[in-house]
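Have a look at the structure below before the remarks.
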Amino acid sequence: MARILLGVTGGIAAYKACTLVRLLVRAGHDVYPVVTAAAERFVTAETYFALARTSPSAGAYPHLERADLLVVAPLTANTLARLAHGLADDVLTEAALAHTGPVVAAPAMNVRMWEHPATQENAAVLRARGVVFVGPVEGDLAEGEVGVGRMAEPEAIAAAVEEILSREPEPSLLRGRRVVVSAGGTREPLDAVRFLGNRSSGRMGVALAEEARRRGAEVTLLAANLAVAPPVGIAVVDTPAAADLEREALARADADVIVMAAAVADYRPGEPLDAKRPKERAPWTLELEPTSDVLGALGAGRRPDQVLVGFAAEIGERGLERAREKRLAKSADLVVFNDVSRADIGFDASDNEVVVLSEAGERHVGKAPKREIAAAVLDEVERLLSER
Ligand code: CTP
């Protein structure tokens with residue numbers, strides 16, 4: 001059983017939408033009609049609510065509640081254009097903008113309106129976004145013309161709904177796996193108020209944690225001074241300094257997948273002061289001591305069936321070669337290389353462009369939002385899991 005929002009727009013085929021409601025209800029679905037003012041010139045909203053065995057909900061925004069599917073039948077040329085352009089000037093178009101699931105559209109209009117380049121372009125925009133069109137079909141049209149423009153029969157629309165609802169969500173190999181992601185940049189205290197830090201915002205690591213969660217993994221995020229909000233549904237452990245990150249990562253070294261996206265300090269002040277250091281005229285000379293290489297330690301003690309992912313934030317040409325060396329030196333399965341000398345990607349940017357290196361080869365992922373880069377990296381992780 002699914003919750004289906006049924007949009008009805010103003011055309012003579014609105015009467016056929018009554019049969020569609022019946023069919024969907026008979027199939028066991030929970031149908032909520034959203035009827036435009038123009039549609040009410042043909043059939044009143046009460047009719048659809050009665051057939052759907054429901055009533056206009058008491059809540060202020062029933063159309064904005066989660067629905068499994070949105071069906072618009074009939075869909076006029078006007079509403080088709082509004083959907084293509086993202087207008088939100090009535091309850092139906094607001095609902096369509098807020099809806100994140102699949103959409104089925106059953107256009108109904110005069111043949112010349114359907115064939116007009118404007119309508120065809122709008123339909124192409126919606127198709128490209130994944131909207132499933134059912135019809136229009138050829139037949140007698142309201143104005144006595146014959147041509148393509150009739151709404152598809154309710155049975156055909158209901159069949160398309162069932163087909164979409166029966167599609168299984170893609171099974172992910174990450175479902176139920178324990179995934180640890182480190183994100184952000186560590187800060188190494190100099191005294192009570194000062195630190196040595198780096199420019200990592202944590203966006204890439206957060207995108208990875210979010211995507212792993214979406215794929216059904218049990219995710220722990222080791223958060224080093226994030227400039228962005230951590231995602232919901234994820235266990236967050238604060239790891240402000242390299243030593244915290246080392247401790248928390250090693251405590252979870254048996255995870256199924258570990259992604260070290262954090263920029264971990266390679267050096268820390270040898271003797272941080274407990275108090276605030278007062279200003280003096282003389283120069284302040286610091287001695288920095290090396291931190292432990294967390295990824296290196298994880299790689300040295302790794303489970304062979306685990307997937308270990310590192311990042312290589314490098315500058316320029318030689319970077320890729322260094323990334324290859326890092327993958328081998330740290331016994332990582334994957335190293336994600338990005339060139340941080342470019343301002344449009346990398347640190348604090350919302351986009352990234354990377355090369356994912358593995359034993360099998362190197363995959364270039366073109367400039368894209370970090371969410372998409374995260375998906376490409378996790379596709380590689382899943383490929384490795386499938387081989388284990
Ligand atoms: N890393 C780590 N612990 C450190 C330093 C780095 O776990 N102390 C991890 C990073 O999270 C990243 C990978 O190692 O996944 C590579 O980090 P990077 O700074 O590029 O390499 P380094 O090993 O620090 O080498 P270099 O600074 O010389 O480039």
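Convention: chains lettered A, B, ... in structure tokens order; per-chain residue numbering from 1; ligands numbered from 1 as shown.
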Near-ligand residues for ligand 1, threshold 6 Å, only C-alpha atoms and all ligand atoms, as a tab-separated table (two decimals) with C-alpha atoms, in the first residue's frame:
chain	number	residue	atom	x	y	z
A	260	MET	CA	39.68	9.05	6.28
A	261	ALA	CA	38.46	12.29	4.73
A	262	ALA	CA	39.70	14.49	7.58
A	263	ALA	CA	42.76	16.67	7.17
A	264	VAL	CA	44.82	15.42	10.09
A	265	ALA	CA	47.65	17.62	11.34
A	266	ASP	CA	51.04	16.07	10.65
A	291	THR	CA	51.60	13.24	15.09
A	292	SER	CA	50.81	9.62	14.32
A	293	ASP	CA	49.61	8.73	10.86
A	294	VAL	CA	46.11	7.42	11.60
A	295	LEU	CA	45.45	5.98	8.16
A	310	GLY	CA	42.21	7.68	2.22
A	311	PHE	CA	42.27	11.13	0.69
A	312	ALA	CA	45.22	12.84	-0.92
A	313	ALA	CA	44.90	16.60	-0.95
Using only C-alpha atoms, determine which residues lie at most 12 Å from Ile157 in chain A, disregarding the query and same-chain residues fewer than 5 positions distant; provide the list as an NGL selection string. :A and (6 or 16-17 or 19-21 or 23-24 or 70-74 or 103-107 or 132-137 or 151-152 or 162-164)
| said: For Gly316 in chain A, find every residue with an atom within 10 Å (counting only C-alpha atoms), except residues of its own chain fewer than 2 positions away, and show them as a list in words. | reply: Ala313, Glu314, Arg318, Gly319, Leu320, Asn338, Asp339, Val340, Ser341 and Arg342 of chain A
Selected residues, C-alpha atoms, written as a tab-separated table (two decimals), in the first residue's frame, please.
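Contents of result-v7.tsv, as written:
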chain	number	residue	atom	x	y	z
A	313	ALA	CA	44.90	16.60	-0.95
A	314	GLU	CA	47.73	17.54	-3.26
A	318	ARG	CA	53.01	15.74	-9.18
A	319	GLY	CA	49.95	15.18	-6.99
A	320	LEU	CA	48.60	12.13	-8.76
A	338	ASN	CA	42.04	16.11	-5.37
A	339	ASP	CA	44.02	19.15	-6.39
A	340	VAL	CA	43.63	21.69	-3.60
A	341	SER	CA	45.49	24.39	-5.50
A	342	ARG	CA	42.30	25.05	-7.49
- Query: Which of these residues is nearest to Leu141 in chain A, using only C-alpha atoms: A:Met1, A:Ser172, A:Ala13, A:Leu226?
  - Reply: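 Looking at the shortest contact to Leu141 in chain A, the residue is A:Ala13.
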Using only C-alpha atoms, tabulate the residues of range 223-276 of chain A lying at most 7 Å from any atom of range 174-194 of chain A, each with its closest atom pair and that distance in Å to one decimal, by chain and increasing residue number, as a Markdown table.
| residue | atom | partner | partner_atom | distance |
| --- | --- | --- | --- | --- |
| A:Ala223 | CA | A:Ala183 | CA | 5.3 |
| A:Ala224 | CA | A:Gly184 | CA | 4.7 |
| A:Asn225 | CA | A:Gly184 | CA | 5.7 |
| A:Leu226 | CA | A:Gly184 | CA | 5.2 |
| A:Pro240 | CA | A:Thr186 | CA | 5.4 |
| A:Ala241 | CA | A:Thr186 | CA | 4.7 |
| A:Ala242 | CA | A:Thr186 | CA | 5.7 |
| A:Ala255 | CA | A:Arg178 | CA | 5.2 |
| A:Asp256 | CA | A:Arg178 | CA | 5.3 |
| A:Val257 | CA | A:Val179 | CA | 4.7 |
| A:Ile258 | CA | A:Val180 | CA | 4.8 |
| A:Val259 | CA | A:Val181 | CA | 4.7 |
| A:Met260 | CA | A:Ser182 | CA | 5.1 |
| A:Ala261 | CA | A:Ala183 | CA | 5.2 |
| A:Ala262 | CA | A:Ala183 | CA | 4.1 |
| A:Ala263 | CA | A:Gly185 | CA | 4.6 |
| A:Val264 | CA | A:Thr186 | CA | 5.4 |
| A:Ala265 | CA | A:Thr186 | CA | 6.0 |
| A:Arg268 | CA | A:Glu188 | CA | 5.5 |
| A:Pro269 | CA | A:Leu190 | CA | 6.0 |
| A:Pro272 | CA | A:Leu190 | CA | 4.7 |
| A:Leu273 | CA | A:Asp191 | CA | 4.3 |
| A:Asp274 | CA | A:Ala192 | CA | 5.4 |
| A:Ala275 | CA | A:Ala192 | CA | 5.0 |
| A:Lys276 | CA | A:Ala192 | CA | 5.0 |
Checklist entry - Quick one: residues within 6 Å of range 324-337 of chain A, only C-alpha atoms counted, chain neighbours fewer than 4 positions away excluded, as number ranges by chain? => result A: 296, 299, 308-312, 354-358
Item to complete: Could you please write out, as a PyMOL selection string, every residue of range 33-272 of chain A that DSSP assigns to strand (DSSP E or B)?
Response: chain A and resi 33-35+69-75+103-107+132-133+137-140+146-150+178-185+188-189+195-196+218-224+235-238+257-260+263+267-269
Could you write out the selected residues, including C-alpha atoms, as a CSV table (one decimal), in the first residue's frame?
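File written: again-v1.csv
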chain,number,residue,atom,x,y,z
A,33,PRO,CA,-6.7,14.3,-4.0
A,34,VAL,CA,-5.3,17.7,-4.8
A,35,VAL,CA,-7.8,19.3,-7.1
A,69,LEU,CA,4.1,8.9,-5.5
A,70,LEU,CA,2.5,11.9,-7.2
A,71,VAL,CA,0.1,11.3,-10.1
A,72,VAL,CA,-1.2,14.2,-12.1
A,73,ALA,CA,-4.2,13.1,-14.2
A,74,PRO,CA,-5.4,14.8,-16.2
A,75,LEU,CA,-2.4,17.2,-16.7
A,103,VAL,CA,5.9,11.4,-10.5
A,104,VAL,CA,3.4,10.0,-13.1
A,105,ALA,CA,1.9,12.5,-15.5
A,106,ALA,CA,-1.1,11.8,-17.8
A,107,PRO,CA,-1.4,14.8,-20.1
A,132,VAL,CA,6.9,9.1,-16.2
A,133,PHE,CA,4.4,10.1,-18.9
A,137,VAL,CA,-3.2,8.8,-26.7
A,138,GLU,CA,-4.8,9.2,-30.0
A,139,GLY,CA,-8.5,9.5,-30.3
A,140,ASP,CA,-11.5,11.9,-30.4
A,146,VAL,CA,-9.0,13.8,-33.8
A,147,GLY,CA,-5.4,13.4,-32.8
A,148,VAL,CA,-2.9,12.7,-30.0
A,149,GLY,CA,-4.1,14.5,-26.9
A,150,ARG,CA,-6.6,12.3,-25.1
A,178,ARG,CA,29.6,-0.3,10.0
A,179,VAL,CA,31.1,2.7,8.3
A,180,VAL,CA,33.4,5.2,10.0
A,181,VAL,CA,34.1,8.5,8.3
A,182,SER,CA,36.4,11.2,9.5
A,183,ALA,CA,35.7,14.8,8.4
A,184,GLY,CA,37.0,18.3,8.9
A,185,GLY,CA,40.4,19.4,10.0
A,188,GLU,CA,46.4,21.4,17.6
A,189,PRO,CA,46.5,23.6,20.7
A,195,PHE,CA,45.7,26.5,17.7
A,196,LEU,CA,47.4,25.3,14.6
A,218,GLU,CA,25.5,2.3,10.3
A,219,VAL,CA,27.6,5.4,10.2
A,220,THR,CA,29.9,7.0,12.8
A,221,LEU,CA,31.3,10.4,11.9
A,222,LEU,CA,34.5,11.4,13.6
A,223,ALA,CA,34.1,15.2,13.5
A,224,ALA,CA,37.1,17.5,13.6
A,235,ALA,CA,26.5,8.9,15.4
A,236,VAL,CA,28.8,11.9,15.8
A,237,VAL,CA,32.0,11.8,17.9
A,238,ASP,CA,33.9,15.0,18.3
A,257,VAL,CA,34.6,0.5,5.9
A,258,ILE,CA,36.8,3.4,7.1
A,259,VAL,CA,37.0,6.6,5.1
A,260,MET,CA,39.7,9.1,6.3
A,263,ALA,CA,42.8,16.7,7.2
A,267,TYR,CA,52.7,18.1,13.5
A,268,ARG,CA,51.5,19.5,16.8
A,269,PRO,CA,53.2,21.9,19.2
Could you pull the residues within 9 Å of Ala253 in chain A, counting only C-alpha atoms, minus those fewer than 5 positions along the same chain, as a PyMOL selection string?
chain A and resi 180+248+258+298+301-303
Q | helix (DSSP H, G or I) call set, DSSP backbone run, range 146-293 of chain A, as a ChimeraX atom specification | A | /A:154-166,203-214,242-251
* Closest of A:Cys18, A:Ile12, A:Ile315, A:Ala37 to Asp90 in chain A - atom-to-atom distances counting only C-alpha atoms ->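 With only C-alpha atoms as the atom set, the closest residue is A:Ala37.
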For the atom pair CA of Ile373 in chain A and CA of Asn352 in chain A, what is the interatomic distance in Å to one decimal place?
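Atom-to-atom, CA of Ile373 in chain A to CA of Asn352 in chain A, that is 6.9 Å.
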Exercise. CA of Val381 in chain A to CA of Leu208 in chain A: how many Å, to one decimal?
Worked result: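 Between CA of Val381 in chain A and CA of Leu208 in chain A the gap is 11.3 Å.
The gap separating CA of Asp68 in chain A from CA of Gly101 in chain A is 5.8 Å, in Å to one decimal.
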Check your understanding: Of the candidates A:Ala77, A:Arg22, A:Glu143, A:Gly28, which one gets nearest to Ala50 in chain A if we count only C-alpha atoms?
Key ->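 Ranking A:Ala77, A:Arg22, A:Glu143, A:Gly28 by distance to Ala50 in chain A, first place goes to A:Arg22.
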Please provide the set of residues having any atom within 12 Å of Glu372 in chain A, restricted to only C-alpha atoms, with same-chain residues fewer than 4 positions apart removed, written as a ChimeraX atom specification. /A:204,207-208,210-211,350-354,365-368,376-379
Any chance you could export the current selection's N, CA and C atoms as a tab-separated table (two decimals), in the first residue's frame?
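File again36.tsv, as written:
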chain	number	residue	atom	x	y	z
A	204	MET	N	33.24	17.46	2.42
A	204	MET	CA	33.39	16.21	1.68
A	204	MET	C	33.10	15.01	2.59
A	207	ALA	N	29.42	14.79	3.35
A	207	ALA	CA	28.68	14.26	2.19
A	207	ALA	C	28.84	12.74	2.10
A	208	LEU	N	30.03	12.25	2.42
A	208	LEU	CA	30.27	10.80	2.40
A	208	LEU	C	29.46	10.09	3.48
A	210	GLU	N	26.72	11.13	4.87
A	210	GLU	CA	25.31	11.23	4.51
A	210	GLU	C	24.93	10.19	3.46
A	211	GLU	N	25.78	10.05	2.46
A	211	GLU	CA	25.50	9.11	1.37
A	211	GLU	C	25.56	7.66	1.89
A	350	SER	N	31.78	23.93	-2.65
A	350	SER	CA	30.70	22.93	-2.60
A	350	SER	C	30.90	21.87	-3.66
A	351	ASP	N	31.79	22.14	-4.63
A	351	ASP	CA	32.08	21.14	-5.67
A	351	ASP	C	33.45	20.51	-5.42
A	352	ASN	N	33.65	19.41	-6.11
A	352	ASN	CA	34.97	18.79	-6.05
A	352	ASN	C	35.20	18.09	-7.39
A	353	GLU	N	36.42	17.74	-7.67
A	353	GLU	CA	36.76	16.97	-8.86
A	353	GLU	C	37.90	16.07	-8.41
A	354	VAL	N	37.74	14.76	-8.59
A	354	VAL	CA	38.71	13.85	-7.98
A	354	VAL	C	39.12	12.74	-8.94
A	365	VAL	N	36.56	11.50	-11.72
A	365	VAL	CA	35.17	11.94	-11.51
A	365	VAL	C	35.17	13.44	-11.73
A	366	GLY	N	34.50	13.88	-12.80
A	366	GLY	CA	34.49	15.28	-13.20
A	366	GLY	C	33.86	16.18	-12.16
A	367	LYS	N	34.08	17.49	-12.31
A	367	LYS	CA	33.61	18.47	-11.32
A	367	LYS	C	32.11	18.31	-11.07
A	368	ALA	N	31.75	18.13	-9.82
A	368	ALA	CA	30.35	17.89	-9.45
A	368	ALA	C	30.17	18.26	-7.99
A	376	ALA	N	30.08	8.62	-6.04
A	376	ALA	CA	31.04	7.91	-6.91
A	376	ALA	C	32.07	7.16	-6.06
A	377	VAL	N	32.52	7.77	-4.95
A	377	VAL	CA	33.51	7.10	-4.08
A	377	VAL	C	32.87	5.85	-3.45
A	378	LEU	N	31.61	6.00	-3.00
A	378	LEU	CA	30.97	4.84	-2.35
A	378	LEU	C	30.60	3.76	-3.37
A	379	ASP	N	30.39	4.14	-4.63
A	379	ASP	CA	30.20	3.10	-5.67
A	379	ASP	C	31.46	2.25	-5.76
